[in-house]
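Participant: Got structure24.cif for you, mmCIF, C-alpha atoms:
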```cif
data_structure
loop_
_atom_site.label_atom_id
_atom_site.label_comp_id
_atom_site.auth_asym_id
_atom_site.auth_seq_id
_atom_site.Cartn_x
_atom_site.Cartn_y
_atom_site.Cartn_z
CA MET O 90 79.08 117.45 125.88
CA LEU O 91 76.36 115.73 127.95
CA LYS O 92 77.82 112.79 129.86
CA GLY O 93 77.09 110.85 132.98
CA GLY O 94 80.67 109.85 133.90
CA ARG O 95 83.83 111.76 134.73
CA PRO O 96 86.98 112.21 132.63
CA VAL O 97 90.23 110.59 133.63
CA ILE O 98 91.84 112.51 136.53
CA GLY O 99 94.04 115.25 135.16
CA LEU O 100 92.91 114.88 131.56
CA GLY O 101 90.32 117.64 131.85
CA GLU O 102 92.94 120.13 133.03
CA GLN O 103 95.33 119.07 130.26
CA ALA O 104 92.61 119.39 127.64
CA GLN O 105 91.65 122.84 128.89
CA ALA O 106 95.27 124.02 128.86
CA ALA O 107 95.84 122.71 125.32
CA LEU O 108 92.74 124.45 123.98
CA LEU O 109 93.42 127.77 125.74
CA SER O 110 97.03 127.75 124.57
CA LEU O 111 95.86 127.31 121.00
CA LEU O 112 93.28 130.10 121.28
CA ASP O 113 95.81 132.47 122.84
CA ARG O 114 97.75 132.46 119.58
CA VAL O 115 94.82 133.77 117.52
CA PRO O 116 94.94 137.55 116.93
CA ARG O 117 91.91 139.59 118.04
CA LEU O 118 90.41 136.65 119.92
CA ASN O 119 89.30 137.22 123.50
CA ILE O 120 88.66 134.44 126.01
CA HIS O 121 85.94 135.49 128.44
CA SER O 122 85.51 132.35 130.54
CA HIS O 123 86.31 128.66 130.66
CA THR O 124 84.64 126.08 132.83
CA LEU O 125 85.38 122.41 133.40
CA GLU O 126 82.48 120.10 134.20
CA MET O 127 79.61 122.51 133.79
CA HIS O 128 76.63 120.62 135.22
CA VAL O 129 73.43 120.68 133.22
CA ASP O 130 71.35 118.64 135.64
CA ARG O 131 71.87 116.04 138.37
CA ASP O 132 73.10 113.35 135.93
CA HIS O 133 74.75 115.23 133.08
CA ARG O 134 77.40 117.83 132.50
CA LEU O 135 79.44 119.46 129.77
CA ASP O 136 83.13 118.46 129.89
CA LEU O 137 84.54 121.88 129.04
CA VAL O 138 82.91 125.15 127.96
CA VAL O 139 84.92 128.14 126.68
CA ASP O 140 83.26 131.48 125.85
CA ILE O 141 85.15 133.65 123.38
CA THR O 142 84.78 136.59 121.03
CA ALA O 143 86.40 136.42 117.61
CA GLY O 144 85.81 138.64 114.59
CA GLY O 145 83.23 140.64 116.49
CA GLN O 146 81.12 137.54 117.19
CA ASP O 147 80.55 135.61 120.41
CA TRP O 148 81.16 131.88 120.35
CA THR O 149 80.83 129.05 122.85
CA LEU O 150 83.19 126.12 122.41
CA VAL O 151 81.47 123.06 123.82
CA CYS O 152 84.04 120.32 124.28
CA GLU O 153 83.84 116.57 124.66
CA ILE O 154 86.94 115.11 126.35
CA THR O 155 87.71 111.46 125.74
CA SER O 156 90.62 109.48 127.15
CA ASN O 157 90.76 107.18 124.10
CA GLY O 158 91.22 108.71 120.65
CA GLN O 159 91.00 105.48 118.66
CA PRO O 160 88.43 105.60 115.82
CA ARG O 161 85.92 103.31 117.51
CA HIS O 162 85.77 105.50 120.62
CA VAL O 163 85.82 108.70 118.57
CA ARG O 164 82.86 107.49 116.53
CA ALA O 165 80.93 106.82 119.76
CA ALA O 166 81.79 110.29 121.07
CA LEU O 167 80.69 111.90 117.82
CA HIS O 168 77.41 110.03 118.02
CA GLU O 169 76.79 111.47 121.48
CA MET O 170 77.70 114.93 120.25
CA ASP O 171 75.21 114.63 117.39
CA GLU O 172 72.44 114.18 119.94
CA TYR O 173 73.05 117.46 121.73
CA ARG O 174 74.05 119.41 118.60
CA GLN O 175 70.46 119.16 117.46
CA HIS O 176 69.51 121.53 120.29
CA ASN O 177 72.45 123.94 120.31
CA THR O 178 72.62 127.45 118.90
CA SER O 179 74.48 128.64 115.82
CA GLN O 180 77.14 130.14 118.13
CA TRP O 181 78.01 126.76 119.68
CA VAL O 182 81.12 125.08 118.30
CA SER O 183 81.54 121.36 118.94
CA VAL O 184 85.12 120.35 119.82
CA LEU O 185 86.50 116.88 120.53
CA ILE O 186 89.65 116.69 122.68
CA ALA O 187 91.76 113.56 123.28
CA PRO O 188 95.33 112.64 124.24
CA TYR O 189 95.96 111.64 120.63
CA LEU O 190 93.84 111.42 117.50
CA SER O 191 95.10 109.27 114.65
CA PRO O 192 94.67 110.46 111.03
CA GLN O 193 91.67 108.15 110.72
CA ALA O 194 90.10 109.57 113.89
CA ARG O 195 90.72 113.14 112.71
CA LYS O 196 89.03 112.36 109.41
CA LEU O 197 85.97 111.14 111.31
CA CYS O 198 85.80 114.53 113.03
CA VAL O 199 86.13 116.43 109.76
CA ASP O 200 83.45 114.30 108.11
CA ASP O 201 81.13 115.01 111.04
CA ASP O 202 81.88 118.77 111.01
CA VAL O 203 83.40 118.66 114.50
CA SER O 204 86.52 120.60 115.46
CA TYR O 205 89.26 118.75 117.34
CA VAL O 206 92.35 119.21 119.48
CA ASP O 207 94.72 116.57 120.83
CA LEU O 208 97.47 116.81 123.41
CA HIS O 209 100.09 115.73 120.86
CA GLY O 210 99.61 118.97 118.92
CA ASN O 211 97.09 118.15 116.22
CA ALA O 212 94.21 120.61 115.94
CA ARG O 213 91.46 121.86 113.66
CA LEU O 214 89.14 124.63 114.88
CA ILE O 215 86.60 126.36 112.66
CA PHE O 216 84.15 129.07 113.69
CA GLY O 217 83.06 132.16 111.78
CA ASN O 218 86.03 133.47 109.80
CA THR O 219 88.53 131.71 112.05
CA PHE O 220 90.29 128.61 110.77
CA ILE O 221 93.08 126.93 112.75
CA GLU O 222 94.75 123.74 111.58
CA ARG O 223 97.89 122.12 112.94
CA GLU O 224 99.43 118.72 112.24
CA ALA O 225 102.07 117.36 114.58
CA ALA O 226 104.76 114.99 113.38
CA GLY O 227 104.76 111.36 114.46
CA SER O 228 102.72 109.96 117.31
CA PRO O 229 103.11 109.82 121.11
CA ALA O 230 105.45 107.20 122.55
CA ALA O 231 102.55 105.34 124.15
CA GLU O 232 100.71 105.15 120.82
CA ALA O 233 103.85 103.98 119.04
CA ARG O 234 104.41 101.25 121.65
CA GLU O 235 100.81 100.10 121.39
CA MET O 236 101.03 99.96 117.61
CA LYS O 237 104.28 98.01 117.69
CA SER O 238 102.79 95.52 120.16
CA LEU O 239 100.09 94.74 117.59
CA PHE O 240 102.79 93.52 115.21
CA LYS O 241 104.94 91.55 117.65
CA PRO O 242 105.54 87.85 116.81
CA LYS O 243 102.56 86.33 118.66
CA ALA O 244 100.16 89.04 117.51
CA SER O 245 101.53 88.71 113.97
CA GLN O 246 100.54 85.05 113.96
CA VAL O 247 96.95 86.13 114.58
CA LEU O 248 97.05 88.76 111.84
CA ARG O 249 98.56 86.41 109.26
CA VAL O 250 95.83 83.85 109.92
CA MET O 251 93.03 86.39 109.58
CA LEU O 252 94.48 88.08 106.49
CA GLN O 253 94.44 84.80 104.58
CA ASP O 254 90.73 85.50 104.12
CA PRO O 255 89.81 88.89 105.66
CA ALA O 256 86.06 88.50 105.17
CA ARG O 257 85.93 85.21 107.05
CA PRO O 258 84.43 85.54 110.55
CA TRP O 259 86.50 83.99 113.32
CA ARG O 260 85.70 83.06 116.89
CA VAL O 261 88.43 83.75 119.43
CA THR O 262 88.93 80.07 120.21
CA ASP O 263 89.28 79.21 116.52
CA ILE O 264 91.87 81.93 115.96
CA SER O 265 93.76 80.74 119.02
CA GLU O 266 93.97 77.22 117.67
CA ALA O 267 94.85 78.25 114.09
CA ALA O 268 97.49 80.79 115.16
CA GLY O 269 98.94 78.75 118.01
CA VAL O 270 98.65 81.53 120.59
CA SER O 271 96.67 81.87 123.81
CA ILE O 272 93.06 83.02 123.94
CA GLY O 273 94.13 85.97 126.05
CA HIS O 274 96.59 87.09 123.39
CA VAL O 275 93.95 86.77 120.69
CA SER O 276 91.57 88.87 122.79
CA ASN O 277 94.17 91.64 123.06
CA VAL O 278 94.64 91.67 119.28
CA ARG O 279 90.88 91.61 118.80
CA ASN O 280 90.40 94.66 121.01
CA ALA O 281 93.18 96.57 119.23
CA LEU O 282 91.70 95.82 115.81
CA LEU O 283 88.20 96.84 116.90
CA ALA O 284 89.44 100.07 118.50
CA ARG O 285 91.08 101.10 115.22
CA GLU O 286 88.06 99.89 113.22
CA TRP O 287 90.24 97.55 111.18
CA ALA O 288 87.96 94.70 112.20
CA SER O 289 84.28 94.34 112.99
CA VAL O 290 82.04 91.87 114.74
CA VAL O 291 79.78 90.06 112.29
CA ASP O 292 77.60 86.98 112.42
CA GLY O 293 79.92 84.15 113.30
CA GLY O 294 82.70 86.18 114.90
CA LEU O 295 85.40 88.71 114.08
CA ALA O 296 86.34 89.68 110.51
CA ILE O 297 88.92 92.08 109.09
CA SER O 298 86.91 94.98 107.64
CA GLU O 299 89.84 97.19 106.55
CA PRO O 300 92.62 94.83 105.42
CA ASP O 301 94.39 97.49 103.36
CA GLN O 302 94.60 99.93 106.27
CA LEU O 303 95.87 97.15 108.52
CA LEU O 304 98.51 96.05 106.01
CA ASP O 305 99.64 99.65 105.40
CA ALA O 306 100.12 100.21 109.15
CA TRP O 307 101.93 96.89 109.52
CA ALA O 308 104.31 97.68 106.66
CA GLU O 309 105.07 101.09 108.18
CA ASP O 310 105.97 99.58 111.58
CA TYR O 311 107.35 96.30 110.26
CA GLU O 312 110.35 94.75 111.95
CA PRO O 313 111.89 91.63 110.37
CA PRO O 314 111.44 88.40 112.35
CA MET O 315 113.93 87.95 115.15
CA GLY O 316 116.72 85.53 114.45
CA LYS O 317 120.33 85.02 113.41
CA ARG O 318 121.03 86.49 109.98
CA LEU O 319 123.77 84.75 108.03
CA ARG O 320 125.39 85.37 104.66
CA PHE O 321 126.74 82.57 102.48
CA TYR O 322 128.14 81.87 99.07
CA THR O 323 127.12 78.83 97.01
CA PRO O 324 129.00 77.71 93.92
CA LEU O 325 125.78 76.21 92.54
CA HIS O 326 123.74 78.03 89.92
CA GLY O 327 121.02 77.42 87.39
CA SER O 328 119.27 74.07 87.41
CA ALA O 329 121.76 72.57 89.85
CA LEU O 330 120.92 75.26 92.40
CA GLN O 331 117.20 74.81 91.90
CA GLN O 332 117.47 71.05 92.33
CA ALA O 333 119.43 71.50 95.56
CA ILE O 334 116.86 73.99 96.87
CA GLY O 335 114.09 71.53 96.01
CA LYS O 336 115.72 68.92 98.26
CA VAL O 337 115.51 71.08 101.39
CA VAL O 338 112.60 73.48 100.95
CA GLY O 339 109.43 72.18 102.54
CA ALA O 340 110.82 68.70 103.24
CA ARG O 341 110.05 68.14 106.94
CA ALA O 342 110.52 64.39 107.05
CA LYS O 343 114.31 64.59 107.37
CA GLY O 344 114.15 67.07 110.23
CA GLY O 345 114.37 70.80 110.27
CA THR O 346 112.31 73.41 108.45
CA VAL O 347 113.34 75.59 105.51
CA VAL O 348 111.17 77.98 103.49
CA LEU O 349 111.90 80.44 100.72
CA ALA O 350 111.51 84.07 101.74
CA SER O 351 111.52 87.64 100.37
CA PHE O 352 112.50 87.86 96.67
CA SER O 353 112.88 84.07 96.42
CA ALA O 354 109.32 83.54 97.68
CA ALA O 355 107.96 86.31 95.44
CA GLN O 356 109.47 84.56 92.44
CA TRP O 357 106.97 81.74 93.01
CA ILE O 358 104.01 83.81 94.21
CA ALA O 359 104.09 86.83 91.88
CA PRO O 360 107.26 86.98 89.75
CA PHE O 361 108.75 90.45 89.31
CA GLY O 362 112.25 90.16 87.92
CA ARG O 363 114.98 87.94 89.28
CA HIS O 364 117.30 88.57 92.22
CA SER O 365 120.84 87.25 92.37
CA THR O 366 120.48 86.23 96.03
CA GLN O 367 118.42 83.35 97.39
CA PHE O 368 116.57 84.11 100.66
CA PHE O 369 115.54 81.57 103.30
CA TYR O 370 113.96 81.29 106.74
CA CYS O 371 114.85 78.15 108.66
CA ASP O 372 115.42 76.59 112.06
CA ASN O 373 118.76 75.23 113.30
CA ASP O 374 118.30 71.79 111.78
CA GLY O 375 117.17 73.40 108.54
CA LEU O 376 120.37 75.46 108.46
CA GLU O 377 122.47 72.31 108.58
CA ARG O 378 120.57 70.86 105.63
CA LEU O 379 120.95 74.08 103.64
CA VAL O 380 124.71 74.19 104.24
CA ALA O 381 125.09 70.57 103.19
CA GLU O 382 122.85 70.56 100.11
CA LEU O 383 123.89 73.95 98.71
CA GLY O 384 127.58 73.62 99.61
CA LEU O 385 127.42 76.91 101.48
CA GLU O 386 130.46 78.85 102.63
CA ARG O 387 130.32 81.77 105.06
CA THR O 388 131.25 85.11 103.51
CA ALA O 389 131.46 88.71 104.66
CA LYS O 390 130.60 90.09 101.22
CA GLY O 391 129.54 88.91 97.81
CA GLU O 392 126.94 86.55 99.26
CA ASN O 393 124.34 84.91 97.03
CA VAL O 394 122.45 83.18 99.85
CA ALA O 395 120.89 85.03 102.80
CA ILE O 396 119.50 82.94 105.67
CA THR O 397 117.63 83.92 108.81
CA VAL O 398 117.57 81.25 111.51
CA LEU O 399 114.34 82.19 113.26
CA LYS O 400 114.18 82.59 117.02
CA ASP O 401 110.42 81.87 117.00
CA ASP O 402 108.86 79.26 114.71
CA GLY O 403 105.43 80.95 114.60
CA LEU O 404 106.10 82.29 111.12
CA PHE O 405 106.28 78.71 109.79
CA ARG O 406 102.55 78.32 110.54
CA ASP O 407 101.77 80.62 107.62
CA THR O 408 103.66 79.11 104.71
CA ILE O 409 102.31 78.03 101.35
CA MET O 410 103.21 75.62 98.57
CA PRO O 411 102.89 77.56 95.28
CA ALA O 412 104.27 74.56 93.42
CA GLU O 413 104.87 70.91 94.22
CA GLY O 414 107.85 70.52 96.52
CA ILE O 415 108.27 74.28 97.01
CA ARG O 416 107.39 75.90 100.33
CA CYS O 417 107.65 79.64 100.94
CA THR O 418 106.34 82.40 103.14
CA GLY O 419 102.72 83.42 102.60
CA ALA O 420 101.74 86.44 100.53
CA VAL O 421 101.40 88.80 103.50
CA GLN O 422 104.78 87.92 105.04
CA THR O 423 106.46 88.07 101.63
CA TYR O 424 104.93 91.49 101.01
CA LEU O 425 106.23 92.79 104.34
CA ASP O 426 109.74 91.46 103.74
CA LEU O 427 109.86 92.98 100.27
CA SER O 428 108.55 96.32 101.54
CA ALA O 429 111.54 96.54 103.86
CA SER O 430 114.08 95.64 101.14
CA GLY O 431 114.80 98.97 99.48
CA GLU O 432 113.37 100.54 96.35
CA ARG O 433 113.50 97.39 94.26
CA GLY O 434 111.82 95.49 97.05
CA LYS O 435 109.04 98.06 97.31
CA GLU O 436 108.33 97.71 93.60
CA ALA O 437 108.18 93.92 93.90
CA ALA O 438 105.97 94.28 96.98
CA GLU O 439 103.45 96.48 95.18
CA HIS O 440 103.36 94.04 92.28
CA LEU O 441 102.68 91.16 94.66
CA ARG O 442 100.00 93.19 96.43
CA GLN O 443 98.19 93.89 93.19
CA GLU O 444 98.40 90.27 92.14
CA LYS O 445 97.63 88.49 95.42
CA LEU O 446 96.43 90.96 98.05
CA SER O 447 93.76 92.98 96.25
CA TRP O 448 90.98 92.40 98.71
#
```
As a first step, turn the structure in this file into structure tokens.

Facilitator:
Amino acid sequence: MLKGGRPVIGLGEQAQAALLSLLDRVPRLNIHSHTLEMHVDRDHRLDLVVDITAGGQDWTLVCEITSNGQPRHVRAALHEMDEYRQHNTSQWVSVLIAPYLSPQARKLCVDDDVSYVDLHGNARLIFGNTFIEREAAGSPAAEAREMKSLFKPKASQVLRVMLQDPARPWRVTDISEAAGVSIGHVSNVRNALLAREWASVVDGGLAISEPDQLLDAWAEDYEPPMGKRLRFYTPLHGSALQQAIGKVVGARAKGGTVVLASFSAAQWIAPFGRHSTQFFYCDNDGLERLVAELGLERTAKGENVAITVLKDDGLFRDTIMPAEGIRCTGAVQTYLDLSASGERGKEAAEHLRQEKLSW
């Protein structure tokens, strides 16, 4: 690949080793030479060139090595490769190599007819009658950590704000104010979304361009909000229980915050069968009000009230009032909670998604 810069130190050698190891496993394939940083002229060079013979034909694997395998960077690399592929020969095989290529990034390569190899073990090489395809399980630890950081509490506040209306363009300062997080934190989330091509820059700011992909990834890595989880039993039921809930849910004037969550929130947003347990998020003052109004008693089993006393109140910034006097978690948070609540929860989550999150 023609480039003016240099790859990250050590990455070139790792990329070369990964590709040669893969080729060594192919029967009747001979590797004649391999060269890192083959200079074309004073300003440009090819990252890695490997000359081979396979099936009685000579081939030259011309490799682009990139240190970032996120879709946005992969698309840019593929664009550069398109420029030189117009002048190559039929025996040249374009190969993209990166530390890790996500499924979305790999699909970009396939769509652009470019072979790929990553250091995690994923690979797809096609030349002549040779076809090699490998798919490694999971993702590297660094990728997993980066993904999880995108869904941590502060970052989640940004995502919940933007997913209220994915097509709306946001400026960084406006997101910061709406989500209650620093501009620096918003910028980090912005960069992560752009790198994965889940968001794009449009007139007026940043907008979510792939809300479904973002929500799918969030649900896969979702961790319930941090807090103290408590189980209670209430003797109230029917209309008496609903009246008691109405006295505490969404009523801030008396101190404390309480909102319906999970199945209880879904019952107001997109009903999908009833659940015998009532679910709440609250703060410490809200817990006291719940205990008093619902006559709650702690129990180790047989609970019909589940409460999470949140460690961070950021989630309360994204609550809705689906009916007068009723406050619950927003559609996105409710969907995530349901998705993590077993088979019945997944069914309720998909129903809610179809009803309220069909962007």

Participant: Apply the PyMOL selection byres ((chain O and resi 137-144) around 12) to the displayed file and report the matching residues as a ChimeraX atom specification.

Facilitator: /O:90-92,95-96,100-109,112-113,115-129,134-136,145-155,180-186,215-220

Participant: Write a file of the selected residues as an mmCIF file, keeping the file's coordinate frame, keeping C-alpha atoms.

Facilitator:
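To be explicit, this is the file written out as again_37.cif:
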```
data_model
loop_
_atom_site.group_PDB
_atom_site.id
_atom_site.type_symbol
_atom_site.label_atom_id
_atom_site.label_comp_id
_atom_site.auth_asym_id
_atom_site.auth_seq_id
_atom_site.Cartn_x
_atom_site.Cartn_y
_atom_site.Cartn_z
ATOM 1 C CA MET O 90 79.080 117.450 125.880
ATOM 2 C CA LEU O 91 76.360 115.730 127.950
ATOM 3 C CA LYS O 92 77.820 112.790 129.860
ATOM 4 C CA ARG O 95 83.830 111.760 134.730
ATOM 5 C CA PRO O 96 86.980 112.210 132.630
ATOM 6 C CA LEU O 100 92.910 114.880 131.560
ATOM 7 C CA GLY O 101 90.320 117.640 131.850
ATOM 8 C CA GLU O 102 92.940 120.130 133.030
ATOM 9 C CA GLN O 103 95.330 119.070 130.260
ATOM 10 C CA ALA O 104 92.610 119.390 127.640
ATOM 11 C CA GLN O 105 91.650 122.840 128.890
ATOM 12 C CA ALA O 106 95.270 124.020 128.860
ATOM 13 C CA ALA O 107 95.840 122.710 125.320
ATOM 14 C CA LEU O 108 92.740 124.450 123.980
ATOM 15 C CA LEU O 109 93.420 127.770 125.740
ATOM 16 C CA LEU O 112 93.280 130.100 121.280
ATOM 17 C CA ASP O 113 95.810 132.470 122.840
ATOM 18 C CA VAL O 115 94.820 133.770 117.520
ATOM 19 C CA PRO O 116 94.940 137.550 116.930
ATOM 20 C CA ARG O 117 91.910 139.590 118.040
ATOM 21 C CA LEU O 118 90.410 136.650 119.920
ATOM 22 C CA ASN O 119 89.300 137.220 123.500
ATOM 23 C CA ILE O 120 88.660 134.440 126.010
ATOM 24 C CA HIS O 121 85.940 135.490 128.440
ATOM 25 C CA SER O 122 85.510 132.350 130.540
ATOM 26 C CA HIS O 123 86.310 128.660 130.660
ATOM 27 C CA THR O 124 84.640 126.080 132.830
ATOM 28 C CA LEU O 125 85.380 122.410 133.400
ATOM 29 C CA GLU O 126 82.480 120.100 134.200
ATOM 30 C CA MET O 127 79.610 122.510 133.790
ATOM 31 C CA HIS O 128 76.630 120.620 135.220
ATOM 32 C CA VAL O 129 73.430 120.680 133.220
ATOM 33 C CA ARG O 134 77.400 117.830 132.500
ATOM 34 C CA LEU O 135 79.440 119.460 129.770
ATOM 35 C CA ASP O 136 83.130 118.460 129.890
ATOM 36 C CA GLY O 145 83.230 140.640 116.490
ATOM 37 C CA GLN O 146 81.120 137.540 117.190
ATOM 38 C CA ASP O 147 80.550 135.610 120.410
ATOM 39 C CA TRP O 148 81.160 131.880 120.350
ATOM 40 C CA THR O 149 80.830 129.050 122.850
ATOM 41 C CA LEU O 150 83.190 126.120 122.410
ATOM 42 C CA VAL O 151 81.470 123.060 123.820
ATOM 43 C CA CYS O 152 84.040 120.320 124.280
ATOM 44 C CA GLU O 153 83.840 116.570 124.660
ATOM 45 C CA ILE O 154 86.940 115.110 126.350
ATOM 46 C CA THR O 155 87.710 111.460 125.740
ATOM 47 C CA GLN O 180 77.140 130.140 118.130
ATOM 48 C CA TRP O 181 78.010 126.760 119.680
ATOM 49 C CA VAL O 182 81.120 125.080 118.300
ATOM 50 C CA SER O 183 81.540 121.360 118.940
ATOM 51 C CA VAL O 184 85.120 120.350 119.820
ATOM 52 C CA LEU O 185 86.500 116.880 120.530
ATOM 53 C CA ILE O 186 89.650 116.690 122.680
ATOM 54 C CA ILE O 215 86.600 126.360 112.660
ATOM 55 C CA PHE O 216 84.150 129.070 113.690
ATOM 56 C CA GLY O 217 83.060 132.160 111.780
ATOM 57 C CA ASN O 218 86.030 133.470 109.800
ATOM 58 C CA THR O 219 88.530 131.710 112.050
ATOM 59 C CA PHE O 220 90.290 128.610 110.770
#
```

Participant: Could you tell me which of O:Thr418, O:Ala284, O:Leu404, O:Val290 comes closest to Ala244 of chain O if we count only C-alpha atoms?

Facilitator: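 The shortest atom-to-atom distance to Ala244 of chain O comes from O:Leu404.
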
Participant: Compare O:Ala389, O:Ala395, O:Ala281, O:Leu441 by their minimum atom-to-atom distance to Phe361 of chain O, counting all atoms listed in the file, and give me the closest one.

Facilitator: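 Nearest candidate to Phe361 of chain O out of O:Ala389, O:Ala395, O:Ala281, O:Leu441: O:Leu441.
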
Participant: Using only C-alpha atoms, which residue out of O:Asn277, O:Ser289, O:Ser238, O:Thr323 lies closest to Pro258 of chain O?

Facilitator: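 Result for the nearest residue to Pro258 of chain O: O:Ser289.
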
Participant: Check which residues satisfy the PyMOL selection byres ((chain O and resi 259-272) around 7) in the file shown, then give them as a VMD selection string.

Facilitator: chain O and resid 243 246 to 247 250 257 to 258 273 to 276 293 to 296

Participant: How would you write, as a PyMOL selection string, the residues chosen by the PyMOL selection byres ((chain O and resi 442-448) around 7) on this structure?

Facilitator: chain O and resi 359+420+424+438-441

Participant: For Ala350 of chain O, which of O:Arg378, O:Arg318, O:Lys400, O:Arg416 is the closest residue, counting all atoms listed in the file?

Facilitator: O:Arg416

Participant: Ranking O:Pro411, O:Gly345, O:Pro314, O:Pro360 by minimum distance to Asp374 of chain O and counting only C-alpha atoms, which one comes first?

Facilitator: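 Of the candidates, the smallest distance to Asp374 of chain O is held by O:Gly345.
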
Participant: Closest to Asp407 of chain O among O:Tyr189, O:Ala194, O:Leu252, O:Glu436, using only C-alpha atoms?

Facilitator: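 Going through O:Tyr189, O:Ala194, O:Leu252, O:Glu436 one by one, the smallest distance to Asp407 of chain O is for O:Leu252.
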
Participant: Please report the interatomic distance between atom CA of Gln253 of chain O and atom CA of Leu379 of chain O in Å with one decimal.

Facilitator: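 Separation of atom CA of Gln253 of chain O and atom CA of Leu379 of chain O: 28.6 Å.
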
Participant: Work out how far apart atom CA of Asn157 of chain O and atom CA of Ala187 of chain O are and give it in Å to one decimal.

Facilitator: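 Value for the atom CA of Asn157 of chain O-atom CA of Ala187 of chain O distance: 6.5 Å.
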
Participant: Do you have the atom CA of Glu232 of chain O-atom CA of Pro188 of chain O distance handy?

Facilitator: 9.8 Å

Participant: Would you compute the box with edges along x, y and z of the file around segment 322-332 of chain O, including every atom the file lists for it and 4 Å extra on each side, and give its centre and edge lengths in Å to one decimal, as JSON?

Facilitator:
```
{"center_x": 123.1, "center_y": 76.5, "center_z": 93.2, "size_x": 19.8, "size_y": 18.8, "size_z": 19.7}
```

Participant: Using all atoms listed in the file, what residues lie at most 9 Å away from (123.9, 67.7, 96.6) (file coordinates), given as a list in words?

Facilitator: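 These residues have at least one counted atom within 9 Å: Ala329, Gln332, Ala333, Lys336, Ala381, Glu382, Leu383 and Gly384 of chain O.
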